[in-house]
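**Student:** Just start.csv, nothing more (CSV, C-alpha atoms and all ligand atoms):
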```
chain,number,residue,atom,x,y,z
A,1,MET,CA,5.9,-2.4,-28.6
A,2,LYS,CA,7.4,-3.1,-25.2
A,3,LYS,CA,4.9,-2.8,-22.4
A,4,GLU,CA,5.4,-0.2,-19.6
A,5,ARG,CA,6.6,-1.6,-16.3
A,6,ILE,CA,4.7,-0.7,-13.2
A,7,LEU,CA,5.7,-1.5,-9.6
A,8,SER,CA,4.3,-0.8,-6.2
A,9,GLY,CA,4.0,-2.2,-2.7
A,10,ILE,CA,2.3,-1.9,0.6
A,11,ARG,CA,3.9,-2.4,4.0
A,12,ALA,CA,3.0,-5.6,5.9
A,13,THR,CA,2.2,-3.8,9.2
A,14,SER,CA,-1.4,-5.0,9.4
A,15,LYS,CA,-4.2,-6.5,7.3
A,16,LEU,CA,-5.7,-3.9,5.0
A,17,HIS,CA,-8.5,-1.4,5.7
A,18,ILE,CA,-10.8,0.2,3.3
A,19,GLY,CA,-8.6,3.2,3.0
A,20,ASN,CA,-5.8,1.0,1.8
A,21,TYR,CA,-8.3,-0.8,-0.5
A,22,LEU,CA,-9.7,2.4,-2.2
A,23,GLY,CA,-6.5,4.3,-2.0
A,24,ALA,CA,-4.2,1.6,-3.3
A,25,LEU,CA,-5.2,-2.0,-3.8
A,26,LYS,CA,-8.3,-1.4,-5.9
A,27,GLN,CA,-6.3,0.9,-8.2
A,28,PHE,CA,-3.6,-1.8,-8.5
A,29,VAL,CA,-6.2,-4.2,-9.7
A,30,GLU,CA,-7.5,-1.6,-12.3
A,31,ILE,CA,-3.9,-1.1,-13.6
A,32,GLN,CA,-3.4,-4.8,-13.9
A,33,ASN,CA,-6.7,-5.3,-15.6
A,34,ASN,CA,-6.3,-2.7,-18.2
A,35,GLY,CA,-3.6,-5.0,-19.5
A,36,GLU,CA,-1.2,-2.3,-20.8
A,37,ALA,CA,1.6,-2.8,-18.3
A,38,GLN,CA,3.8,-5.4,-16.9
A,39,CYS,CA,2.9,-5.3,-13.2
A,40,TYR,CA,5.1,-6.0,-10.1
A,41,PHE,CA,3.2,-5.8,-6.8
A,42,PHE,CA,5.1,-6.7,-3.6
A,43,ILE,CA,4.6,-6.7,0.1
A,44,ALA,CA,7.1,-4.5,1.9
A,45,ASP,CA,7.8,-6.9,4.8
A,46,LEU,CA,11.3,-5.4,5.4
A,47,HIS,CA,9.8,-2.0,5.7
A,48,ALA,CA,7.5,-3.4,8.4
A,49,LEU,CA,10.6,-3.9,10.6
A,50,THR,CA,11.2,-0.1,10.9
A,51,THR,CA,8.3,0.4,13.4
A,52,PRO,CA,7.6,-1.8,16.5
A,53,PHE,CA,6.4,-5.3,15.5
A,54,GLU,CA,5.8,-8.8,16.9
A,55,PRO,CA,7.3,-11.7,14.8
A,56,LYS,CA,4.2,-13.8,15.0
A,57,GLU,CA,2.0,-10.9,14.0
A,58,LEU,CA,4.3,-9.9,11.1
A,59,ARG,CA,4.1,-13.4,9.7
A,60,LYS,CA,0.3,-13.5,10.0
A,61,HIS,CA,-0.1,-10.0,8.5
A,62,THR,CA,2.1,-10.8,5.6
A,63,LEU,CA,0.2,-13.9,4.6
A,64,GLU,CA,-3.1,-12.0,5.1
A,65,VAL,CA,-2.0,-9.2,2.8
A,66,VAL,CA,-0.9,-11.7,0.1
A,67,ALA,CA,-4.4,-13.4,0.4
A,68,GLU,CA,-6.0,-9.9,0.3
A,69,TYR,CA,-4.1,-8.9,-2.9
A,70,ILE,CA,-5.4,-12.0,-4.6
A,71,ALA,CA,-8.9,-11.9,-3.2
A,72,ALA,CA,-9.2,-8.3,-4.3
A,73,GLY,CA,-8.4,-9.3,-7.9
A,74,LEU,CA,-4.6,-9.3,-8.3
A,75,ASP,CA,-4.0,-12.3,-10.4
A,76,PRO,CA,-0.6,-14.2,-10.1
A,77,LYS,CA,-1.0,-15.1,-13.8
A,78,LYS,CA,-1.1,-11.4,-14.8
A,79,SER,CA,1.1,-9.7,-12.1
A,80,VAL,CA,4.2,-10.7,-10.4
A,81,ILE,CA,3.3,-10.9,-6.7
A,82,PHE,CA,6.2,-11.3,-4.2
A,83,LEU,CA,7.6,-10.6,-0.8
A,84,GLN,CA,10.4,-8.0,-0.6
A,85,ASN,CA,12.5,-10.1,1.8
A,86,GLN,CA,12.5,-13.1,-0.6
A,87,VAL,CA,14.4,-11.1,-3.3
A,88,HIS,CA,17.7,-10.5,-1.5
A,89,GLU,CA,18.7,-7.9,-4.1
A,90,HIS,CA,16.5,-5.4,-2.4
A,91,SER,CA,18.6,-5.3,0.8
A,92,GLU,CA,21.8,-5.5,-1.1
A,93,LEU,CA,21.1,-2.5,-3.4
A,94,ALA,CA,19.6,-0.6,-0.4
A,95,TRP,CA,23.1,-0.8,1.2
A,96,VAL,CA,24.7,0.6,-1.9
A,97,PHE,CA,22.2,3.4,-1.9
A,98,GLU,CA,22.7,4.1,1.8
A,99,CYS,CA,26.4,4.7,1.0
A,100,ILE,CA,25.6,7.4,-1.7
A,101,THR,CA,22.7,9.1,0.0
A,102,PRO,CA,23.6,12.2,2.1
A,103,LEU,CA,22.3,11.9,5.6
A,104,GLY,CA,20.5,15.3,5.2
A,105,GLU,CA,18.3,13.9,2.4
A,106,LEU,CA,17.1,11.1,4.7
A,107,GLU,CA,16.6,13.4,7.7
A,108,ARG,CA,14.4,15.8,5.8
A,109,MET,CA,11.8,13.2,4.8
A,110,THR,CA,8.5,14.1,6.4
A,111,GLN,CA,7.6,10.4,7.0
A,112,PHE,CA,10.8,9.9,9.0
A,113,LYS,CA,10.0,13.0,11.1
A,114,ASP,CA,6.4,11.8,11.6
A,115,LYS,CA,7.3,8.3,12.5
A,116,ALA,CA,10.2,9.4,14.7
A,117,GLN,CA,7.7,11.6,16.6
A,118,GLN,CA,5.2,8.7,16.9
A,119,HIS,CA,7.8,6.1,18.1
A,120,LYS,CA,10.1,8.2,20.2
A,121,THR,CA,11.6,5.2,22.0
A,122,ASN,CA,12.4,3.4,18.7
A,123,ILE,CA,14.0,5.8,16.3
A,124,ASN,CA,16.1,3.2,14.6
A,125,ALA,CA,18.5,3.5,11.7
A,126,GLY,CA,16.1,1.5,9.5
A,127,LEU,CA,13.5,4.1,9.9
A,128,LEU,CA,15.9,6.7,8.7
A,129,CYS,CA,17.1,4.5,5.8
A,130,TYR,CA,13.6,3.5,4.8
A,131,PRO,CA,13.7,5.6,1.6
A,132,ALA,CA,17.0,4.1,0.5
A,133,LEU,CA,15.4,0.7,0.7
A,134,MET,CA,12.3,2.0,-1.1
A,135,SER,CA,14.5,3.4,-3.8
A,136,ALA,CA,16.2,0.0,-4.2
A,137,ASP,CA,12.7,-1.6,-4.4
A,138,ILE,CA,11.9,0.7,-7.2
A,139,LEU,CA,15.1,1.1,-9.2
A,140,LEU,CA,15.9,-2.6,-9.3
A,141,TYR,CA,13.0,-3.0,-11.7
A,142,LYS,CA,13.6,0.1,-13.7
A,143,PRO,CA,9.8,0.8,-13.8
A,144,ASN,CA,8.3,3.5,-15.9
A,145,LYS,CA,5.8,4.4,-13.2
A,146,VAL,CA,5.3,3.8,-9.5
A,147,PRO,CA,1.7,4.3,-8.4
A,148,VAL,CA,1.6,5.5,-4.8
A,149,GLY,CA,-0.5,7.8,-2.6
A,150,ASP,CA,0.5,11.4,-2.2
A,151,ASP,CA,2.2,10.7,1.1
A,152,GLN,CA,4.8,8.7,-0.8
A,153,THR,CA,5.7,11.3,-3.5
A,154,GLN,CA,8.6,12.6,-1.5
A,155,HIS,CA,10.1,9.1,-1.4
A,156,ILE,CA,9.7,8.7,-5.1
A,157,GLU,CA,11.4,12.0,-5.7
A,158,LEU,CA,14.3,10.8,-3.5
A,159,SER,CA,14.5,7.7,-5.6
A,160,ARG,CA,15.0,10.0,-8.7
A,161,ILE,CA,17.7,11.9,-6.8
A,162,ILE,CA,19.5,8.7,-5.9
A,163,ALA,CA,19.2,7.4,-9.5
A,164,ARG,CA,20.6,10.6,-10.9
A,165,LYS,CA,23.4,10.6,-8.3
A,166,PHE,CA,24.4,7.0,-9.0
A,167,ASN,CA,24.3,7.5,-12.8
A,168,LYS,CA,26.4,10.6,-12.6
A,169,GLN,CA,29.0,9.1,-10.3
A,170,PHE,CA,29.3,5.6,-11.8
A,171,GLY,CA,27.6,5.6,-15.2
A,172,GLN,CA,24.1,5.2,-16.5
A,173,VAL,CA,22.2,2.3,-15.0
A,174,PHE,CA,18.9,3.7,-13.7
A,175,PRO,CA,16.1,5.5,-15.7
A,176,GLU,CA,14.2,7.9,-13.4
A,177,PRO,CA,10.7,6.7,-12.5
A,178,LYS,CA,7.9,9.1,-13.4
A,179,ASN,CA,5.3,10.3,-11.0
A,180,TYR,CA,2.1,8.4,-11.0
A,181,LEU,CA,-0.2,9.6,-8.4
A,182,LEU,CA,-3.0,7.2,-7.5
A,183,LYS,CA,-6.4,9.0,-7.5
A,184,PRO,CA,-6.2,11.2,-4.4
A,185,LEU,CA,-8.5,9.8,-1.9
A,186,ARG,CA,-8.5,10.0,1.9
A,187,ILE,CA,-10.8,7.8,3.9
A,188,MET,CA,-11.1,9.2,7.4
A,189,SER,CA,-10.9,7.5,10.8
A,190,LEU,CA,-14.2,6.2,12.1
A,191,ALA,CA,-13.2,7.2,15.6
A,192,ASP,CA,-11.9,10.7,14.7
A,193,PRO,CA,-13.0,11.9,11.2
A,194,THR,CA,-10.4,14.7,11.3
A,195,LYS,CA,-7.6,12.0,11.0
A,196,LYS,CA,-7.1,9.5,8.2
A,197,MET,CA,-8.0,5.9,8.7
A,198,SER,CA,-4.7,4.3,9.5
A,199,LYS,CA,-3.4,0.8,10.4
A,200,SER,CA,-1.4,2.4,13.2
A,201,ASP,CA,-4.8,3.1,14.9
A,202,PRO,CA,-6.9,-0.1,14.6
A,203,LYS,CA,-9.9,1.7,16.3
A,204,SER,CA,-10.0,4.0,13.3
A,205,CYS,CA,-10.3,1.2,10.8
A,206,LEU,CA,-12.8,-0.8,8.9
A,207,PHE,CA,-10.9,-3.8,7.7
A,208,ILE,CA,-11.8,-5.1,4.3
A,209,ASP,CA,-12.4,-8.6,5.8
A,210,ASP,CA,-14.5,-7.5,8.7
A,211,GLU,CA,-17.6,-9.6,9.2
A,212,PRO,CA,-21.0,-8.1,8.6
A,213,ASN,CA,-21.7,-7.8,12.4
A,214,THR,CA,-18.4,-6.1,13.0
A,215,ILE,CA,-19.0,-3.7,10.1
A,216,ARG,CA,-22.4,-2.9,11.6
A,217,GLU,CA,-21.0,-2.3,15.1
A,218,LYS,CA,-18.1,-0.2,13.9
A,219,ILE,CA,-20.2,2.0,11.6
A,220,LYS,CA,-22.8,2.4,14.3
A,221,LYS,CA,-20.1,3.8,16.6
A,222,ALA,CA,-18.6,6.0,13.9
A,223,VAL,CA,-18.4,9.6,15.1
A,224,THR,CA,-20.8,11.9,13.3
A,225,ALA,CA,-20.9,14.8,15.7
A,226,THR,CA,-21.2,18.2,14.1
A,227,ASP,CA,-18.4,20.7,14.4
A,228,GLY,CA,-18.7,24.4,15.3
A,229,THR,CA,-19.9,25.2,11.8
A,230,GLY,CA,-22.8,22.7,11.9
A,231,LYS,CA,-20.9,20.4,9.5
A,232,SER,CA,-20.1,16.8,10.3
A,233,ALA,CA,-16.8,15.5,8.9
A,234,GLY,CA,-17.9,12.1,10.0
A,235,ALA,CA,-21.1,12.3,8.0
A,236,GLU,CA,-19.1,13.4,4.9
A,237,ASN,CA,-16.8,10.5,5.4
A,238,LEU,CA,-19.8,8.0,5.6
A,239,LEU,CA,-21.4,9.6,2.5
A,240,GLY,CA,-18.1,9.3,0.8
A,241,LEU,CA,-18.0,5.6,1.6
A,242,LEU,CA,-21.6,5.2,0.4
A,243,ALA,CA,-20.6,6.8,-2.9
A,244,HIS,CA,-18.0,3.9,-3.3
A,245,PHE,CA,-19.9,1.0,-1.9
A,246,GLY,CA,-23.6,2.0,-1.8
A,247,SER,CA,-26.4,0.8,-4.0
A,248,HIS,CA,-27.7,3.3,-6.5
A,249,ALA,CA,-30.9,3.8,-4.5
A,250,HIS,CA,-29.1,4.4,-1.2
A,251,ILE,CA,-26.7,6.9,-2.7
A,252,GLU,CA,-29.5,8.9,-4.2
A,253,HIS,CA,-31.7,8.7,-1.1
A,254,PHE,CA,-29.1,9.8,1.4
A,255,ASN,CA,-27.7,12.5,-0.7
A,256,ASP,CA,-31.2,14.0,-1.1
A,257,MET,CA,-31.8,13.7,2.6
A,258,GLN,CA,-28.6,15.5,3.3
A,259,GLN,CA,-29.4,18.3,0.9
A,260,MET,CA,-32.8,18.7,2.5
A,261,GLY,CA,-31.2,18.7,5.9
A,262,THR,CA,-33.2,15.6,7.0
A,263,LEU,CA,-30.4,13.1,7.0
A,264,LYS,CA,-30.8,10.5,9.8
A,265,PHE,CA,-27.4,9.2,10.8
A,266,SER,CA,-28.8,5.9,12.2
A,267,GLU,CA,-30.4,5.1,8.8
A,268,LEU,CA,-27.4,6.1,6.8
A,269,LYS,CA,-25.2,3.9,9.1
A,270,GLU,CA,-27.5,0.9,8.7
A,271,ALA,CA,-27.7,1.2,4.9
A,272,LEU,CA,-23.9,1.7,4.6
A,273,ALA,CA,-23.1,-1.3,6.8
A,274,THR,CA,-25.4,-3.5,4.7
A,275,ASP,CA,-23.9,-2.3,1.4
A,276,ILE,CA,-20.2,-2.6,2.6
A,277,ALA,CA,-20.9,-6.1,4.0
A,278,GLU,CA,-22.5,-7.1,0.7
A,279,HIS,CA,-19.7,-5.5,-1.4
A,280,PHE,CA,-17.0,-7.5,0.3
A,281,ALA,CA,-18.9,-10.8,0.8
A,282,GLU,CA,-17.1,-12.5,-2.0
A,283,PHE,CA,-13.8,-11.0,-1.0
A,284,ARG,CA,-14.2,-12.4,2.6
A,285,GLU,CA,-14.9,-15.9,1.3
A,286,LYS,CA,-12.0,-15.8,-1.1
A,287,LYS,CA,-9.6,-14.6,1.5
A,288,LYS,CA,-10.7,-17.4,3.9
A,289,GLU,CA,-10.3,-20.0,1.1
A,290,LEU,CA,-6.8,-18.7,0.2
A,291,LEU,CA,-5.6,-18.6,3.9
A,292,ALA,CA,-6.7,-22.2,4.2
A,293,ARG,CA,-4.3,-23.1,1.3
A,294,PRO,CA,-0.9,-21.9,2.6
A,295,GLU,CA,0.8,-24.2,0.2
A,296,TYR,CA,-0.8,-22.3,-2.7
A,297,LEU,CA,0.2,-18.9,-1.3
A,298,ALA,CA,3.7,-20.2,-0.9
A,299,GLU,CA,3.7,-21.3,-4.5
A,300,VAL,CA,2.5,-17.9,-5.7
A,301,LEU,CA,5.2,-16.2,-3.7
A,302,GLY,CA,7.9,-18.6,-4.8
A,303,GLU,CA,7.0,-18.1,-8.4
A,304,GLY,CA,6.7,-14.3,-7.9
A,305,ALA,CA,10.1,-14.1,-6.2
A,306,ARG,CA,11.6,-16.2,-9.0
A,307,LYS,CA,10.3,-13.8,-11.7
A,308,ALA,CA,11.2,-10.7,-9.7
A,309,ARG,CA,14.7,-12.0,-9.2
A,310,GLU,CA,15.3,-12.5,-12.9
A,311,VAL,CA,15.0,-8.7,-13.3
A,312,ALA,CA,16.5,-7.7,-9.9
A,313,ARG,CA,19.6,-9.9,-10.4
A,314,GLU,CA,20.5,-8.4,-13.7
A,315,THR,CA,20.2,-4.8,-12.4
A,316,LEU,CA,22.3,-5.6,-9.3
A,317,ARG,CA,24.9,-7.2,-11.6
A,318,GLU,CA,25.1,-3.9,-13.6
A,319,VAL,CA,25.4,-2.0,-10.4
A,320,LYS,CA,28.3,-4.1,-9.0
A,321,GLU,CA,30.2,-3.8,-12.2
A,322,LYS,CA,29.9,-0.1,-12.2
A,323,ILE,CA,30.9,0.4,-8.6
A,324,GLY,CA,33.8,-2.0,-8.8
A,325,LEU,CA,32.5,-4.9,-6.6
A,326,LEU,CA,33.9,-8.2,-7.9
A,401,LIG,P1,-1.5,3.1,6.9
A,401,LIG,O1,-1.4,4.6,7.0
A,401,LIG,O2,-2.8,2.6,7.2
A,401,LIG,O3,-0.3,2.4,7.7
A,401,LIG,P2,0.1,2.7,4.5
A,401,LIG,O4,0.9,3.9,4.8
A,401,LIG,O5,0.8,1.4,4.7
A,401,LIG,O6,-1.2,2.7,5.4
A,401,LIG,O7,-0.5,2.8,3.1
A,401,LIG,C1,-0.7,1.8,2.1
A,401,LIG,C2,-1.4,2.4,1.0
A,401,LIG,O8,-2.7,2.8,1.3
A,401,LIG,C3,-0.7,3.8,0.5
A,401,LIG,O9,-0.7,3.8,-0.9
A,401,LIG,C4,-1.7,4.9,1.0
A,401,LIG,O10,-1.7,6.0,0.2
A,401,LIG,C5,-3.0,4.2,1.1
A,401,LIG,N1,-3.8,4.6,2.2
A,401,LIG,C6,-3.5,4.5,3.5
A,401,LIG,N2,-4.5,5.0,4.3
A,401,LIG,C7,-5.4,5.6,3.5
A,401,LIG,C8,-6.6,6.3,3.7
A,401,LIG,N3,-7.1,6.5,4.9
A,401,LIG,N4,-7.3,6.7,2.6
A,401,LIG,C9,-6.8,6.4,1.4
A,401,LIG,N5,-5.7,5.8,1.1
A,401,LIG,C10,-5.0,5.3,2.1
A,402,LIG,N1,6.5,3.1,1.6
A,402,LIG,C1,5.3,2.6,0.9
A,402,LIG,C2,4.1,2.9,1.8
A,402,LIG,O1,4.2,3.1,3.0
A,402,LIG,C3,5.4,1.1,0.7
A,402,LIG,C4,6.6,0.8,-0.2
A,402,LIG,C5,7.8,0.3,0.1
A,402,LIG,C6,6.6,1.1,-1.6
A,402,LIG,N2,8.6,0.2,-1.0
A,402,LIG,C7,7.9,0.7,-2.1
A,402,LIG,C8,5.7,1.6,-2.5
A,402,LIG,C9,8.3,0.8,-3.4
A,402,LIG,C10,6.1,1.7,-3.9
A,402,LIG,C11,7.3,1.3,-4.3
A,402,LIG,O2,3.0,2.9,1.3
```
Before anything else, please render the file you have as structure tokens.

**Tutor:**
Amino acid sequence: MKKERILSGIRATSKLHIGNYLGALKQFVEIQNNGEAQCYFFIADLHALTTPFEPKELRKHTLEVVAEYIAAGLDPKKSVIFLQNQVHEHSELAWVFECITPLGELERMTQFKDKAQQHKTNINAGLLCYPALMSADILLYKPNKVPVGDDQTQHIELSRIIARKFNKQFGQVFPEPKNYLLKPLRIMSLADPTKKMSKSDPKSCLFIDDEPNTIREKIKKAVTATDGTGKSAGAENLLGLLAHFGSHAHIEHFNDMQQMGTLKFSELKEALATDIAEHFAEFREKKKELLARPEYLAEVLGEGARKAREVARETLREVKEKIGLL
């Protein structure tokens, strides 16, 4: 039986934080390891150009994310790992999609509205066309499923609309990708636990490669103040993290303390910092080793792009034929 094809990506706007890890990367690794699908995981470096960026930083972050993918368990022998910009078909198909996507569809995207609000002085055409490029990323590979967080479901829906529109206008090329929601999970900001942890606010983040001292300092400073109802969103967030990374004994102990109303934040923070530092010890080493071998990373990406292109080229050929490009 033919294996299902799965594809997903993460933007290269920063190295990854534990929200990205739990919400996306860890689940990518699980999908890969259950062995039932042919997996394509890429780094959306072209999408990173839609919000303000520094060339040097972009290069650095991209390599870091590649190393993080592998250090977290994505295996280039099992999954195709590549950079979006190294498979030119993505940009080419995006242009075709931009020419069949009504402006109104792009303007109604909530991510566009949010980002336009956030970057008022840089509302560029790329930000608006982001979902057309994302649709190209997806449809080039004709995947069965695209695992993403709930904030991306509107973009996946648009990729189905674009596929349908293309097929109707020019003839059948694209199957419509099915919804595949990653386990809903929202890790909150350390600085403001009412907001999600986000790369766009580094103060909010615990990066997965943070060193033990940094982890300890950041968690120590994490806001745990109670709100008007006597609840603490910050404490909930830390207990949530403990549930993922804590030792069995710590999880039980601190949940009991919370139920009895005797939870001491300082103790919880200390235990959580120790457990997170321990959990990612191997990851940190592996990431460092990988970054020290840029030639190996280049080889993985070269091989990944080659395999991705085999599929992407064929789809683009079909598209060109249907739309009359010679
Ligand atoms: P960010 O908001 O930090 O820039 P992205 O939008 O690039 O992150 O998200 C990359 C992936 O990580 C997405 O699949 C998203 O759903 C997931 N993700 C991002 N932030 C969090 C978070 N705080 N909690 C859980 N998952 C998250
Ligand atoms: N927009 C996605 C995000 O912010 C990243 C992305 C770009 C993506 N192209 C994609 C995800 C194609 C899945 C499929 O997380």

**Student:** Report, in Å to a single decimal, how far apart CA of Pro202 in chain A and CA of Phe265 in chain A are.

**Tutor:**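 Between CA of Phe265 in chain A and CA of Pro202 in chain A the gap is 22.8 Å.
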
**Student:** Taking only C-alpha atoms and all ligand atoms into account, list the residues no farther than 7 Å from ligand LIG 402 (chain A), as a list in words.

**Tutor:**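 Here is the list of contacting residues: Leu7, Ser8, Gly9, Ile10, Arg11, Ala44, His47, Met134, Ser135, Asp137, Ile138, Val146, Pro147, Val148 and Gln152 of chain A.
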
**Student:** Tell me which protein, DNA and RNA residues are within 12 Å of Tyr21 in chain A, counting all atoms listed in the file, leaving out same-chain ones fewer than 2 positions away, and put them as a PyMOL selection string.

**Tutor:** chain A and resi 10+15-19+23-30+65+68-69+71-73+149+182+185-187+197-198+205-209+241+244-245+280+283

**Student:** Taking (2.4, -3.2, 12.3) in the coordinates of the supplied file, I want to know which residues reach to within 12 Å of it, counting all atoms listed in the file; could you give the answer as a compact mmCIF listing (two decimals) with C-alpha atoms, in the coordinates of the input?

**Tutor:**
```txt
# COMPACT_ATOMS: atom_id res chain seq x y z
CA ILE A 10 2.30 -1.90 0.60
CA ARG A 11 3.90 -2.40 4.00
CA ALA A 12 3.00 -5.60 5.90
CA THR A 13 2.20 -3.80 9.20
CA SER A 14 -1.40 -5.00 9.40
CA LYS A 15 -4.20 -6.50 7.30
CA LEU A 16 -5.70 -3.90 5.00
CA ALA A 44 7.10 -4.50 1.90
CA ASP A 45 7.80 -6.90 4.80
CA LEU A 46 11.30 -5.40 5.40
CA HIS A 47 9.80 -2.00 5.70
CA ALA A 48 7.50 -3.40 8.40
CA LEU A 49 10.60 -3.90 10.60
CA THR A 50 11.20 -0.10 10.90
CA THR A 51 8.30 0.40 13.40
CA PRO A 52 7.60 -1.80 16.50
CA PHE A 53 6.40 -5.30 15.50
CA GLU A 54 5.80 -8.80 16.90
CA PRO A 55 7.30 -11.70 14.80
CA LYS A 56 4.20 -13.80 15.00
CA GLU A 57 2.00 -10.90 14.00
CA LEU A 58 4.30 -9.90 11.10
CA ARG A 59 4.10 -13.40 9.70
CA LYS A 60 0.30 -13.50 10.00
CA HIS A 61 -0.10 -10.00 8.50
CA THR A 62 2.10 -10.80 5.60
CA SER A 198 -4.70 4.30 9.50
CA LYS A 199 -3.40 0.80 10.40
CA SER A 200 -1.40 2.40 13.20
CA ASP A 201 -4.80 3.10 14.90
CA PRO A 202 -6.90 -0.10 14.60
```

**Student:** Please indicate the distance in Å from CA of Ile219 in chain A to CA of Gln118 in chain A, rounded to one decimal place.

**Tutor:**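 Calculated distance between CA of Ile219 in chain A and CA of Gln118 in chain A is 26.8 Å.
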
**Student:** Check the smallest atom-to-atom distance from each of A:Lys168, A:His248, A:Lys264, A:Lys115 to ligand LIG 401 (chain A) using all atoms listed in the file, then report the winner.

**Tutor:**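 Once distances to ligand LIG 401 (chain A) are computed over all atoms listed in the file, the minimum belongs to A:Lys115.
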
**Student:** Just to confirm, what's the straight-line distance from atom O5 of ligand LIG 401 (chain A) to CA of Arg160 in chain A in Å (one decimal)?

**Tutor:**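 If I compute the distance from atom O5 of ligand LIG 401 (chain A) to CA of Arg160 in chain A, I get 21.3 Å.
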
**Student:** Quick one: residues within 10 Å of Arg317 in chain A, all atoms listed in the file counted, chain neighbours fewer than 6 positions away excluded, as a list of chain:residue names?

**Tutor:** A:Glu89, A:Leu325, A:Leu326

**Student:** Is there a way to get, as a list in words, all residues within 12 Å of the point (26.5, 9.2, -8.3) in file coordinates, counting only C-alpha atoms?

**Tutor:** Val96, Phe97, Glu98, Cys99, Ile100, Thr101, Pro102, Arg160, Ile161, Ile162, Ala163, Arg164, Lys165, Phe166, Asn167, Lys168, Gln169, Phe170, Gly171, Gln172, Val173, Phe174, Val319, Lys322 and Ile323 of chain A

**Student:** Of the candidates A:Gln258, A:Ser204, A:Asn213, A:Asn179, which one gets nearest to ligand LIG 401 (chain A) if we count only C-alpha atoms and all ligand atoms?

**Tutor:**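 Distance minimum relative to ligand LIG 401 (chain A) lands on A:Ser204.
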
**Student:** For Lys145 in chain A, which residue among A:Ala243, A:Ile6, A:Leu290, A:Met260 is the nearest when counting only C-alpha atoms?

**Tutor:**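 Of the candidates, the smallest distance to Lys145 in chain A is held by A:Ile6.
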